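The structure appears below as structure tokens.
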Amino acid sequence: MSVMTPKFGMGASVRRKEDDAFVTGRGRYTDDIAPEGVLHGHVLRSPIASGAFRIVSVEKARRMPGVRLVLTGADLAHLGDLVSGVMPKQPDGTRAPTRDIPILCRGTVRHVGDAVAFVVADTRALAQDAAEQIEVEFEPREAAVATASALDPGTPLVWPEAGTNRAYAAELGDRVATDAAFARAAHVTRIEFANTRLVSNYMEPRAAIAEWREDEGRFLLVSGSQGVHSFQRILARVFGLEPGQVRVVTPDVGGGFGTKGFVYREYPLVMEAARRLGRPVKWAGDRSEHFLQDAHGRDNHAVAEMAMDGSGRFLGLRVRLTANLGAYAHQFGPFVPWIGMQMLTGVYDIPALDARLVAVYTNTVPVDAYRGAGRPEAAFLIETLVDACARELGLPADEIRRRNFIRPEQFPFTTPAGRTYDVGEFAGHMEQAMERAGWEAFEARRAAAAARGRLRGIGMATYIEACAFAGSEPAHLRLNGDGTVTMLIGTQSNGQGHATAYAQLVAGKLNMDIARVEVRQGDTDELPRGGGTGGSRSLPLGGVSAVRAGEDLAEKIRRIAADELEAGPDDIELAGGAARVVGTDRAIDFAAIAAAARRPEDLEGFGEFVQGEATYPNGTHICEVEIEPDTGQARIVRYTIVDDFGATVNPMLLAGQIHGGVMQGIGQALAEEAVYGEDGQLVTASFMDYAMPRADDAPSFHFETRNVPSTTNAMGIKGAGEAGTIGAAPAVMNAVTDALWHAFGISHIEMPATPQKIWLAINSAVAR
């Protein structure tokens, strides 16, 4: 007997409410907004990666017609710096000092694109022209660029007063137990690789508009964000104000990926300029500024070793990780490699771990959270290492995993890194993915490809991540006079479909049309607090709160209706935007209920789910590639995903999240890399040089779920927004390596596996 899917509520594939406005050009982004009398700002940026500078004169710029203001670092002594607040503890229990971001540099620049001055003029073009008239003398110094050599003797120091490029050090695990495991190992496999630096490249470049409301004694900042409340707190601290003196509003946002969750220096710059000039000031960045200023992602160098017994069972894992923070300790940047360290053992029962992390400064754009924030780096390390173990032992990739998975009966399972997984059936989704991918018949496909002169490879990644971390995201509902419902919540949609997902959960509880539920986010005046969007937290936390708020409001509606219809609350059912007495035609619609309410609070619903531990989504990705050996071109021909997200709110939205995340992982594996020259110049500073994945870089994906409900989440949900990226890169690289290993004995290739790299590897192997 089939079970009907509800029209709204949990599990319904509701089409996105917000898309009609977006596809018809009615989206309203920050750069679409132009307050009356708005002025325009431009940032003068450093052309060198490291060195001293002196502003000789700004007078030519100030005298240009239409120029209203020129600011330098000396003009902003009253403002605080942008301070990172998440420096992890070191082995001795101390926290290393942060290296903070000045709003405008004061005599020293530390990466190409560092902010030197800010010009405000009547138009953007005038501001750009005026910036060119500022006389600046730069004294270039040698730059520290490469992650792996940042601590080498002779490497230039980003912060000479520190005496080292070390930002902090951290350790996890048990060194003594791990050394003992390696001492008794029958075999040790070692890998070394770079996890490449990436640029997030969302569709909408950043922009900001500020006003100083003299009559209110506070600022208004309009900007794309991933949560207005963190912006409010940070900006208030920069200006030495109370949070209520900074109102932050976020309109539509064209992509975030973590990178729009941070406060950048342009925001306090437009605020300060607006206060000085008494007029709105707008800054809108272009794509070049995005490359040179917005936080980058990843950029690790790793050495990893696995100790195994004679049957291929894992005994111990040893990891040495160097993580590049860039020139400054960015907002969450120092925390990203630390959280990745906690996931190094993946889905495996590895008794001992010795992981040591050194974070370093270099003369490059700061690094911060980018879709997955440390967990993709951890998954790539363990999943490529496990494949290397299988190759060296002559075991199938699935068999070595099966022998080492944490078994269902072992849960809850505390890893050597201190994470406690609540549930999991890892062999289950791996075997389901293998069946869907036609794993058993792969060798026939490999042979057929060889007959056509192609190399074919297959690779898998069985990943786990931690997300939707402990905390809450309250939801507020209000029944309006016209019978519609407004929901307020402190997350921020930047493409995920919050207006649909939250509304369908509320509509399911009130049994009303989803079109009559409006979701409002992005205004600190409307909501006192909110945690924002990041770490795949919106539905696991905010979704549960939305359901509870819906239940709260439904109960209040039933009580009012019971009074009006002279019935008991238990005899009232909600249907189609009305309340009626069960089994009768006596009913009252929501508008009439709103009119009948005696107090405003009788029309308000509230829900807050407080979660005490993270959720742990997991799954298997299987990728199949074909390589043209004469050109080195790798093409993905099949891609299969079976994920465990605990419970599914909206299958259609979920599939979209996974598809997008997988494409970002494919981009890192095959195309994307931010490359710096030895002088610290960003070589890949535009789409002419930085390769983005395109639609023809991947086939149609096969995606399905095999869910095991989370026990830490009230609705069993595990976060899903970052998972596609986490599983993709190792699956793709394992497939590429499988093809090269089978044909030429090539066991390693660095990301991105571009045609040139693959062609060179093949020709080097042939020459040997």
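By order of appearance in the structure tokens: chains A, B, ..., then residues from 1 within every chain, and ligands from 1 in the order shown.
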Test item, helix (DSSP H, G or I) assignment across region 401-480 of chain A, answer as a PDB file with all heavy atoms, in the first residue's frame:
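Final output, saved to part_26.pdb:
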ATOM      1  N   ARG A 401      37.188  -0.553   3.334  1.00  0.00           N
ATOM      2  CA  ARG A 401      36.247   0.272   4.101  1.00  0.00           C
ATOM      3  C   ARG A 401      35.347  -0.613   4.960  1.00  0.00           C
ATOM      4  O   ARG A 401      35.112  -0.326   6.143  1.00  0.00           O
ATOM      5  CB  ARG A 401      35.422   1.124   3.134  1.00  0.00           C
ATOM      6  CG  ARG A 401      36.205   2.292   2.535  1.00  0.00           C
ATOM      7  CD  ARG A 401      35.431   3.011   1.446  1.00  0.00           C
ATOM      8  NE  ARG A 401      36.065   4.283   1.076  1.00  0.00           N
ATOM      9  CZ  ARG A 401      37.083   4.407   0.255  1.00  0.00           C
ATOM     10  NH1 ARG A 401      37.599   3.312  -0.309  1.00  0.00           N
ATOM     11  NH2 ARG A 401      37.618   5.589  -0.010  1.00  0.00           N
ATOM     12  N   ARG A 402      34.842  -1.661   4.380  1.00  0.00           N
ATOM     13  CA  ARG A 402      33.927  -2.544   5.110  1.00  0.00           C
ATOM     14  C   ARG A 402      34.607  -3.109   6.357  1.00  0.00           C
ATOM     15  O   ARG A 402      33.983  -3.253   7.417  1.00  0.00           O
ATOM     16  CB  ARG A 402      33.462  -3.662   4.177  1.00  0.00           C
ATOM     17  CG  ARG A 402      32.252  -4.441   4.677  1.00  0.00           C
ATOM     18  CD  ARG A 402      31.776  -5.439   3.636  1.00  0.00           C
ATOM     19  NE  ARG A 402      31.107  -4.799   2.506  1.00  0.00           N
ATOM     20  CZ  ARG A 402      31.636  -4.656   1.292  1.00  0.00           C
ATOM     21  NH1 ARG A 402      32.868  -5.094   1.055  1.00  0.00           N
ATOM     22  NH2 ARG A 402      30.965  -4.075   0.323  1.00  0.00           N
ATOM     23  N   ARG A 403      35.881  -3.419   6.256  1.00  0.00           N
ATOM     24  CA  ARG A 403      36.603  -3.991   7.391  1.00  0.00           C
ATOM     25  C   ARG A 403      36.816  -2.976   8.514  1.00  0.00           C
ATOM     26  O   ARG A 403      37.064  -3.362   9.664  1.00  0.00           O
ATOM     27  CB  ARG A 403      37.967  -4.516   6.936  1.00  0.00           C
ATOM     28  CG  ARG A 403      37.889  -5.726   6.024  1.00  0.00           C
ATOM     29  CD  ARG A 403      39.260  -6.250   5.654  1.00  0.00           C
ATOM     30  NE  ARG A 403      39.152  -7.287   4.621  1.00  0.00           N
ATOM     31  CZ  ARG A 403      40.182  -7.978   4.135  1.00  0.00           C
ATOM     32  NH1 ARG A 403      41.400  -7.741   4.590  1.00  0.00           N
ATOM     33  NH2 ARG A 403      39.991  -8.879   3.195  1.00  0.00           N
ATOM     34  N   ASN A 404      36.759  -1.698   8.178  1.00  0.00           N
ATOM     35  CA  ASN A 404      37.143  -0.679   9.158  1.00  0.00           C
ATOM     36  C   ASN A 404      36.028   0.276   9.551  1.00  0.00           C
ATOM     37  O   ASN A 404      36.248   1.156  10.395  1.00  0.00           O
ATOM     38  CB  ASN A 404      38.329   0.124   8.612  1.00  0.00           C
ATOM     39  CG  ASN A 404      39.614  -0.685   8.607  1.00  0.00           C
ATOM     40  OD1 ASN A 404      40.218  -0.920   9.648  1.00  0.00           O
ATOM     41  ND2 ASN A 404      40.014  -1.138   7.418  1.00  0.00           N
ATOM     42  N   PRO A 408      27.158  -0.413  13.299  1.00  0.00           N
ATOM     43  CA  PRO A 408      25.953   0.162  13.917  1.00  0.00           C
ATOM     44  C   PRO A 408      25.842  -0.103  15.411  1.00  0.00           C
ATOM     45  O   PRO A 408      25.387   0.774  16.164  1.00  0.00           O
ATOM     46  CB  PRO A 408      24.817  -0.501  13.136  1.00  0.00           C
ATOM     47  CG  PRO A 408      25.405  -0.797  11.793  1.00  0.00           C
ATOM     48  CD  PRO A 408      26.838  -1.164  12.057  1.00  0.00           C
ATOM     49  N   GLU A 409      26.273  -1.283  15.850  1.00  0.00           N
ATOM     50  CA  GLU A 409      26.125  -1.607  17.267  1.00  0.00           C
ATOM     51  C   GLU A 409      27.122  -0.855  18.156  1.00  0.00           C
ATOM     52  O   GLU A 409      27.017  -0.905  19.389  1.00  0.00           O
ATOM     53  CB  GLU A 409      26.281  -3.112  17.489  1.00  0.00           C
ATOM     54  CG  GLU A 409      27.648  -3.690  17.125  1.00  0.00           C
ATOM     55  CD  GLU A 409      27.752  -4.147  15.679  1.00  0.00           C
ATOM     56  OE1 GLU A 409      26.920  -3.697  14.854  1.00  0.00           O
ATOM     57  OE2 GLU A 409      28.656  -4.955  15.396  1.00  0.00           O
ATOM     58  N   GLN A 410      28.087  -0.147  17.545  1.00  0.00           N
ATOM     59  CA  GLN A 410      29.074   0.594  18.330  1.00  0.00           C
ATOM     60  C   GLN A 410      28.601   2.005  18.708  1.00  0.00           C
ATOM     61  O   GLN A 410      29.275   2.686  19.478  1.00  0.00           O
ATOM     62  CB  GLN A 410      30.399   0.694  17.564  1.00  0.00           C
ATOM     63  CG  GLN A 410      31.132  -0.627  17.403  1.00  0.00           C
ATOM     64  CD  GLN A 410      32.418  -0.450  16.603  1.00  0.00           C
ATOM     65  OE1 GLN A 410      32.426  -0.550  15.375  1.00  0.00           O
ATOM     66  NE2 GLN A 410      33.507  -0.161  17.293  1.00  0.00           N
ATOM     67  N   PHE A 426      27.091   2.852   7.902  1.00  0.00           N
ATOM     68  CA  PHE A 426      27.955   3.252   6.810  1.00  0.00           C
ATOM     69  C   PHE A 426      28.046   2.191   5.714  1.00  0.00           C
ATOM     70  O   PHE A 426      28.038   2.520   4.523  1.00  0.00           O
ATOM     71  CB  PHE A 426      29.341   3.591   7.345  1.00  0.00           C
ATOM     72  CG  PHE A 426      29.326   4.601   8.465  1.00  0.00           C
ATOM     73  CD1 PHE A 426      30.183   4.490   9.548  1.00  0.00           C
ATOM     74  CD2 PHE A 426      28.440   5.677   8.451  1.00  0.00           C
ATOM     75  CE1 PHE A 426      30.174   5.412  10.584  1.00  0.00           C
ATOM     76  CE2 PHE A 426      28.408   6.610   9.482  1.00  0.00           C
ATOM     77  CZ  PHE A 426      29.283   6.473  10.551  1.00  0.00           C
ATOM     78  N   ALA A 427      28.129   0.943   6.099  1.00  0.00           N
ATOM     79  CA  ALA A 427      28.163  -0.112   5.085  1.00  0.00           C
ATOM     80  C   ALA A 427      26.866  -0.137   4.288  1.00  0.00           C
ATOM     81  O   ALA A 427      26.866  -0.456   3.084  1.00  0.00           O
ATOM     82  CB  ALA A 427      28.404  -1.472   5.740  1.00  0.00           C
ATOM     83  N   GLY A 428      25.779   0.224   4.938  1.00  0.00           N
ATOM     84  CA  GLY A 428      24.485   0.212   4.262  1.00  0.00           C
ATOM     85  C   GLY A 428      24.430   1.173   3.093  1.00  0.00           C
ATOM     86  O   GLY A 428      24.018   0.807   1.987  1.00  0.00           O
ATOM     87  N   HIS A 429      24.848   2.422   3.311  1.00  0.00           N
ATOM     88  CA  HIS A 429      24.759   3.350   2.174  1.00  0.00           C
ATOM     89  C   HIS A 429      25.864   3.093   1.151  1.00  0.00           C
ATOM     90  O   HIS A 429      25.674   3.354  -0.037  1.00  0.00           O
ATOM     91  CB  HIS A 429      24.702   4.816   2.609  1.00  0.00           C
ATOM     92  CG  HIS A 429      25.809   5.316   3.482  1.00  0.00           C
ATOM     93  ND1 HIS A 429      27.121   5.367   3.091  1.00  0.00           N
ATOM     94  CD2 HIS A 429      25.778   5.850   4.736  1.00  0.00           C
ATOM     95  CE1 HIS A 429      27.856   5.900   4.055  1.00  0.00           C
ATOM     96  NE2 HIS A 429      27.065   6.199   5.066  1.00  0.00           N
ATOM     97  N   MET A 430      27.010   2.564   1.587  1.00  0.00           N
ATOM     98  CA  MET A 430      28.043   2.228   0.608  1.00  0.00           C
ATOM     99  C   MET A 430      27.560   1.130  -0.339  1.00  0.00           C
ATOM    100  O   MET A 430      27.703   1.231  -1.568  1.00  0.00           O
ATOM    101  CB  MET A 430      29.328   1.778   1.307  1.00  0.00           C
ATOM    102  CG  MET A 430      30.459   1.462   0.323  1.00  0.00           C
ATOM    103  SD  MET A 430      31.935   0.742   1.089  1.00  0.00           S
ATOM    104  CE  MET A 430      31.354  -0.928   1.460  1.00  0.00           C
ATOM    105  N   GLU A 431      26.978   0.098   0.217  1.00  0.00           N
ATOM    106  CA  GLU A 431      26.521  -1.007  -0.623  1.00  0.00           C
ATOM    107  C   GLU A 431      25.361  -0.597  -1.516  1.00  0.00           C
ATOM    108  O   GLU A 431      25.265  -1.031  -2.675  1.00  0.00           O
ATOM    109  CB  GLU A 431      26.154  -2.197   0.269  1.00  0.00           C
ATOM    110  CG  GLU A 431      27.392  -2.848   0.888  1.00  0.00           C
ATOM    111  CD  GLU A 431      27.089  -3.723   2.090  1.00  0.00           C
ATOM    112  OE1 GLU A 431      25.887  -3.879   2.422  1.00  0.00           O
ATOM    113  OE2 GLU A 431      28.041  -4.223   2.710  1.00  0.00           O
ATOM    114  N   GLN A 432      24.496   0.271  -1.007  1.00  0.00           N
ATOM    115  CA  GLN A 432      23.394   0.763  -1.832  1.00  0.00           C
ATOM    116  C   GLN A 432      23.932   1.617  -2.987  1.00  0.00           C
ATOM    117  O   GLN A 432      23.458   1.514  -4.122  1.00  0.00           O
ATOM    118  CB  GLN A 432      22.429   1.576  -0.972  1.00  0.00           C
ATOM    119  CG  GLN A 432      21.154   1.994  -1.681  1.00  0.00           C
ATOM    120  CD  GLN A 432      20.108   2.519  -0.706  1.00  0.00           C
ATOM    121  OE1 GLN A 432      19.958   1.983   0.397  1.00  0.00           O
ATOM    122  NE2 GLN A 432      19.394   3.560  -1.081  1.00  0.00           N
ATOM    123  N   ALA A 433      24.922   2.448  -2.698  1.00  0.00           N
ATOM    124  CA  ALA A 433      25.519   3.268  -3.756  1.00  0.00           C
ATOM    125  C   ALA A 433      26.230   2.391  -4.788  1.00  0.00           C
ATOM    126  O   ALA A 433      26.145   2.647  -6.002  1.00  0.00           O
ATOM    127  CB  ALA A 433      26.497   4.272  -3.147  1.00  0.00           C
ATOM    128  N   MET A 434      26.927   1.360  -4.328  1.00  0.00           N
ATOM    129  CA  MET A 434      27.617   0.459  -5.260  1.00  0.00           C
ATOM    130  C   MET A 434      26.617  -0.225  -6.190  1.00  0.00           C
ATOM    131  O   MET A 434      26.862  -0.360  -7.395  1.00  0.00           O
ATOM    132  CB  MET A 434      28.418  -0.581  -4.479  1.00  0.00           C
ATOM    133  CG  MET A 434      29.612  -0.015  -3.735  1.00  0.00           C
ATOM    134  SD  MET A 434      30.387  -1.225  -2.635  1.00  0.00           S
ATOM    135  CE  MET A 434      31.012  -2.406  -3.844  1.00  0.00           C
ATOM    136  N   GLU A 435      25.490  -0.629  -5.633  1.00  0.00           N
ATOM    137  CA  GLU A 435      24.461  -1.262  -6.464  1.00  0.00           C
ATOM    138  C   GLU A 435      23.918  -0.290  -7.501  1.00  0.00           C
ATOM    139  O   GLU A 435      23.792  -0.621  -8.679  1.00  0.00           O
ATOM    140  CB  GLU A 435      23.329  -1.775  -5.575  1.00  0.00           C
ATOM    141  CG  GLU A 435      22.200  -2.445  -6.345  1.00  0.00           C
ATOM    142  CD  GLU A 435      21.060  -2.880  -5.446  1.00  0.00           C
ATOM    143  OE1 GLU A 435      21.238  -2.895  -4.203  1.00  0.00           O
ATOM    144  OE2 GLU A 435      19.979  -3.197  -5.986  1.00  0.00           O
ATOM    145  N   ARG A 436      23.609   0.932  -7.065  1.00  0.00           N
ATOM    146  CA  ARG A 436      23.068   1.919  -8.004  1.00  0.00           C
ATOM    147  C   ARG A 436      24.098   2.312  -9.066  1.00  0.00           C
ATOM    148  O   ARG A 436      23.738   2.633 -10.203  1.00  0.00           O
ATOM    149  CB  ARG A 436      22.623   3.181  -7.248  1.00  0.00           C
ATOM    150  CG  ARG A 436      21.573   2.952  -6.177  1.00  0.00           C
ATOM    151  CD  ARG A 436      20.239   2.511  -6.754  1.00  0.00           C
ATOM    152  NE  ARG A 436      19.212   2.514  -5.719  1.00  0.00           N
ATOM    153  CZ  ARG A 436      18.913   1.465  -4.950  1.00  0.00           C
ATOM    154  NH1 ARG A 436      19.566   0.314  -5.128  1.00  0.00           N
ATOM    155  NH2 ARG A 436      17.968   1.547  -4.024  1.00  0.00           N
ATOM    156  N   ALA A 437      25.372   2.290  -8.702  1.00  0.00           N
ATOM    157  CA  ALA A 437      26.425   2.694  -9.628  1.00  0.00           C
ATOM    158  C   ALA A 437      26.871   1.575 -10.554  1.00  0.00           C
ATOM    159  O   ALA A 437      27.694   1.817 -11.443  1.00  0.00           O
ATOM    160  CB  ALA A 437      27.621   3.214  -8.837  1.00  0.00           C
ATOM    161  N   TRP A 439      28.657  -1.091  -9.674  1.00  0.00           N
ATOM    162  CA  TRP A 439      30.055  -1.314  -9.304  1.00  0.00           C
ATOM    163  C   TRP A 439      30.564  -2.665  -9.802  1.00  0.00           C
ATOM    164  O   TRP A 439      31.689  -2.771 -10.314  1.00  0.00           O
ATOM    165  CB  TRP A 439      30.184  -1.205  -7.783  1.00  0.00           C
ATOM    166  CG  TRP A 439      31.578  -1.275  -7.236  1.00  0.00           C
ATOM    167  CD1 TRP A 439      32.304  -2.382  -6.975  1.00  0.00           C
ATOM    168  CD2 TRP A 439      32.411  -0.161  -6.868  1.00  0.00           C
ATOM    169  NE1 TRP A 439      33.532  -2.054  -6.471  1.00  0.00           N
ATOM    170  CE2 TRP A 439      33.621  -0.694  -6.391  1.00  0.00           C
ATOM    171  CE3 TRP A 439      32.233   1.217  -6.876  1.00  0.00           C
ATOM    172  CZ2 TRP A 439      34.680   0.109  -5.929  1.00  0.00           C
ATOM    173  CZ3 TRP A 439      33.282   2.022  -6.425  1.00  0.00           C
ATOM    174  CH2 TRP A 439      34.484   1.477  -5.966  1.00  0.00           C
ATOM    175  N   GLU A 440      29.770  -3.696  -9.664  1.00  0.00           N
ATOM    176  CA  GLU A 440      30.219  -5.044 -10.025  1.00  0.00           C
ATOM    177  C   GLU A 440      30.518  -5.178 -11.512  1.00  0.00           C
ATOM    178  O   GLU A 440      31.336  -6.003 -11.920  1.00  0.00           O
ATOM    179  CB  GLU A 440      29.166  -6.075  -9.601  1.00  0.00           C
ATOM    180  CG  GLU A 440      28.981  -6.207  -8.102  1.00  0.00           C
ATOM    181  CD  GLU A 440      30.266  -6.622  -7.395  1.00  0.00           C
ATOM    182  OE1 GLU A 440      31.026  -7.439  -7.977  1.00  0.00           O
ATOM    183  OE2 GLU A 440      30.525  -6.113  -6.287  1.00  0.00           O
ATOM    184  N   ALA A 441      29.850  -4.389 -12.333  1.00  0.00           N
ATOM    185  CA  ALA A 441      30.053  -4.488 -13.784  1.00  0.00           C
ATOM    186  C   ALA A 441      31.069  -3.475 -14.301  1.00  0.00           C
ATOM    187  O   ALA A 441      31.234  -3.330 -15.518  1.00  0.00           O
ATOM    188  CB  ALA A 441      28.719  -4.284 -14.505  1.00  0.00           C
ATOM    189  N   PHE A 442      31.786  -2.813 -13.389  1.00  0.00           N
ATOM    190  CA  PHE A 442      32.669  -1.741 -13.838  1.00  0.00           C
ATOM    191  C   PHE A 442      33.794  -2.244 -14.728  1.00  0.00           C
ATOM    192  O   PHE A 442      34.153  -1.579 -15.718  1.00  0.00           O
ATOM    193  CB  PHE A 442      33.262  -0.993 -12.644  1.00  0.00           C
ATOM    194  CG  PHE A 442      34.355  -0.044 -13.059  1.00  0.00           C
ATOM    195  CD1 PHE A 442      34.049   1.135 -13.728  1.00  0.00           C
ATOM    196  CD2 PHE A 442      35.701  -0.350 -12.834  1.00  0.00           C
ATOM    197  CE1 PHE A 442      35.048   1.995 -14.157  1.00  0.00           C
ATOM    198  CE2 PHE A 442      36.700   0.510 -13.257  1.00  0.00           C
ATOM    199  CZ  PHE A 442      36.373   1.684 -13.912  1.00  0.00           C
ATOM    200  N   GLU A 443      34.392  -3.370 -14.403  1.00  0.00           N
ATOM    201  CA  GLU A 443      35.545  -3.818 -15.191  1.00  0.00           C
ATOM    202  C   GLU A 443      35.183  -4.017 -16.656  1.00  0.00           C
ATOM    203  O   GLU A 443      36.016  -3.790 -17.539  1.00  0.00           O
ATOM    204  CB  GLU A 443      36.140  -5.087 -14.597  1.00  0.00           C
ATOM    205  CG  GLU A 443      36.844  -4.877 -13.255  1.00  0.00           C
ATOM    206  CD  GLU A 443      37.964  -3.833 -13.309  1.00  0.00           C
ATOM    207  OE1 GLU A 443      38.586  -3.677 -14.386  1.00  0.00           O
ATOM    208  OE2 GLU A 443      38.215  -3.183 -12.290  1.00  0.00           O
ATOM    209  N   ALA A 444      33.958  -4.410 -16.934  1.00  0.00           N
ATOM    210  CA  ALA A 444      33.533  -4.521 -18.332  1.00  0.00           C
ATOM    211  C   ALA A 444      33.494  -3.141 -18.984  1.00  0.00           C
ATOM    212  O   ALA A 444      33.874  -2.981 -20.156  1.00  0.00           O
ATOM    213  CB  ALA A 444      32.157  -5.183 -18.408  1.00  0.00           C
ATOM    214  N   ARG A 445      33.076  -2.140 -18.240  1.00  0.00           N
ATOM    215  CA  ARG A 445      33.070  -0.776 -18.780  1.00  0.00           C
ATOM    216  C   ARG A 445      34.489  -0.255 -18.960  1.00  0.00           C
ATOM    217  O   ARG A 445      34.782   0.473 -19.913  1.00  0.00           O
ATOM    218  CB  ARG A 445      32.263   0.159 -17.862  1.00  0.00           C
ATOM    219  CG  ARG A 445      30.792  -0.228 -17.731  1.00  0.00           C
ATOM    220  CD  ARG A 445      29.941   0.873 -17.139  1.00  0.00           C
ATOM    221  NE  ARG A 445      30.240   1.197 -15.766  1.00  0.00           N
ATOM    222  CZ  ARG A 445      29.776   0.546 -14.690  1.00  0.00           C
ATOM    223  NH1 ARG A 445      28.982  -0.512 -14.860  1.00  0.00           N
ATOM    224  NH2 ARG A 445      30.084   0.931 -13.458  1.00  0.00           N
ATOM    225  N   ARG A 446      35.381  -0.656 -18.067  1.00  0.00           N
ATOM    226  CA  ARG A 446      36.776  -0.248 -18.213  1.00  0.00           C
ATOM    227  C   ARG A 446      37.370  -0.852 -19.489  1.00  0.00           C
ATOM    228  O   ARG A 446      38.071  -0.173 -20.241  1.00  0.00           O
ATOM    229  CB  ARG A 446      37.594  -0.683 -16.997  1.00  0.00           C
ATOM    230  CG  ARG A 446      38.960   0.018 -16.960  1.00  0.00           C
ATOM    231  CD  ARG A 446      39.970  -0.669 -16.051  1.00  0.00           C
ATOM    232  NE  ARG A 446      39.649  -0.829 -14.669  1.00  0.00           N
ATOM    233  CZ  ARG A 446      39.984   0.013 -13.686  1.00  0.00           C
ATOM    234  NH1 ARG A 446      40.591   1.151 -13.961  1.00  0.00           N
ATOM    235  NH2 ARG A 446      39.699  -0.283 -12.435  1.00  0.00           N
ATOM    236  N   ALA A 447      37.078  -2.125 -19.716  1.00  0.00           N
ATOM    237  CA  ALA A 447      37.602  -2.788 -20.912  1.00  0.00           C
ATOM    238  C   ALA A 447      37.034  -2.161 -22.178  1.00  0.00           C
ATOM    239  O   ALA A 447      37.752  -1.987 -23.179  1.00  0.00           O
ATOM    240  CB  ALA A 447      37.272  -4.277 -20.853  1.00  0.00           C
ATOM    241  N   ALA A 448      35.747  -1.815 -22.160  1.00  0.00           N
ATOM    242  CA  ALA A 448      35.133  -1.191 -23.335  1.00  0.00           C
ATOM    243  C   ALA A 448      35.757   0.169 -23.607  1.00  0.00           C
ATOM    244  O   ALA A 448      35.979   0.554 -24.767  1.00  0.00           O
ATOM    245  CB  ALA A 448      33.626  -1.052 -23.115  1.00  0.00           C
ATOM    246  N   ALA A 449      36.061   0.901 -22.538  1.00  0.00           N
ATOM    247  CA  ALA A 449      36.711   2.193 -22.715  1.00  0.00           C
ATOM    248  C   ALA A 449      38.112   2.024 -23.289  1.00  0.00           C
ATOM    249  O   ALA A 449      38.540   2.785 -24.168  1.00  0.00           O
ATOM    250  CB  ALA A 449      36.769   2.933 -21.381  1.00  0.00           C
ATOM    251  N   ALA A 450      38.831   1.026 -22.788  1.00  0.00           N
ATOM    252  CA  ALA A 450      40.182   0.779 -23.302  1.00  0.00           C
ATOM    253  C   ALA A 450      40.157   0.459 -24.790  1.00  0.00           C
ATOM    254  O   ALA A 450      41.055   0.866 -25.544  1.00  0.00           O
ATOM    255  CB  ALA A 450      40.827  -0.363 -22.518  1.00  0.00           C
ATOM    256  N   ALA A 451      39.124  -0.254 -25.218  1.00  0.00           N
ATOM    257  CA  ALA A 451      39.000  -0.575 -26.645  1.00  0.00           C
ATOM    258  C   ALA A 451      38.805   0.679 -27.482  1.00  0.00           C
ATOM    259  O   ALA A 451      39.111   0.689 -28.684  1.00  0.00           O
ATOM    260  CB  ALA A 451      37.839  -1.546 -26.849  1.00  0.00           C
TER     261      ALA A 451
END
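Of the residues under consideration (A:Ile588, A:Leu79, A:Ala210, A:Met512), A:Ala210 shows the shortest atom-to-atom contact distance to Gly37 (chain A) when counting only C-alpha atoms.
Closest approach to Leu235 (chain A) among A:Glu272, A:Asp589, A:Asp252, A:Glu392: A:Glu272, based on only C-alpha atoms.
Look at Tyr676 (chain A): the protein and nucleic acid residues within 7 Å of it, using only C-alpha atoms and passing over chain neighbours fewer than 6 places away, are A:Val145, A:Leu682, A:Val683.
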7 Å contact set for Gly316 (chain A), only C-alpha atoms, chain neighbours under 4 positions out, as a tab-separated table (two decimals) with N, CA, C and O atoms, in the first residue's frame:
chain	number	residue	atom	x	y	z
A	178	THR	N	49.44	6.21	19.62
A	178	THR	CA	49.62	6.16	18.16
A	178	THR	C	51.01	5.64	17.82
A	178	THR	O	51.17	4.81	16.89
A	181	ALA	N	50.92	1.97	18.14
A	181	ALA	CA	50.22	1.35	17.02
A	181	ALA	C	51.11	1.25	15.80
A	181	ALA	O	51.12	0.21	15.10
A	182	PHE	N	51.87	2.29	15.53
A	182	PHE	CA	52.78	2.24	14.38
A	182	PHE	C	53.91	1.24	14.61
A	182	PHE	O	54.38	0.59	13.67
A	306	MET	N	48.86	5.89	7.77
A	306	MET	CA	47.95	4.94	8.40
A	306	MET	C	48.73	3.67	8.75
A	306	MET	O	49.39	3.07	7.89
A	307	ALA	N	48.64	3.27	10.01
A	307	ALA	CA	49.22	2.01	10.46
A	307	ALA	C	48.14	0.93	10.40
A	307	ALA	O	47.01	1.15	10.86
A	350	ILE	N	39.23	3.82	14.13
A	350	ILE	CA	40.69	3.92	14.20
A	350	ILE	C	41.04	4.13	15.67
A	350	ILE	O	40.74	5.18	16.24
A	351	PRO	N	41.67	3.16	16.31
A	351	PRO	CA	41.85	3.24	17.76
A	351	PRO	C	42.71	4.39	18.24
A	351	PRO	O	42.50	4.89	19.36
A	352	ALA	N	43.69	4.83	17.43
A	352	ALA	CA	44.63	5.84	17.93
A	352	ALA	C	44.83	6.93	16.88
A	352	ALA	O	44.89	6.65	15.68
A	353	LEU	N	44.94	8.16	17.36
A	353	LEU	CA	45.14	9.31	16.49
A	353	LEU	C	46.20	10.22	17.09
A	353	LEU	O	46.20	10.51	18.28
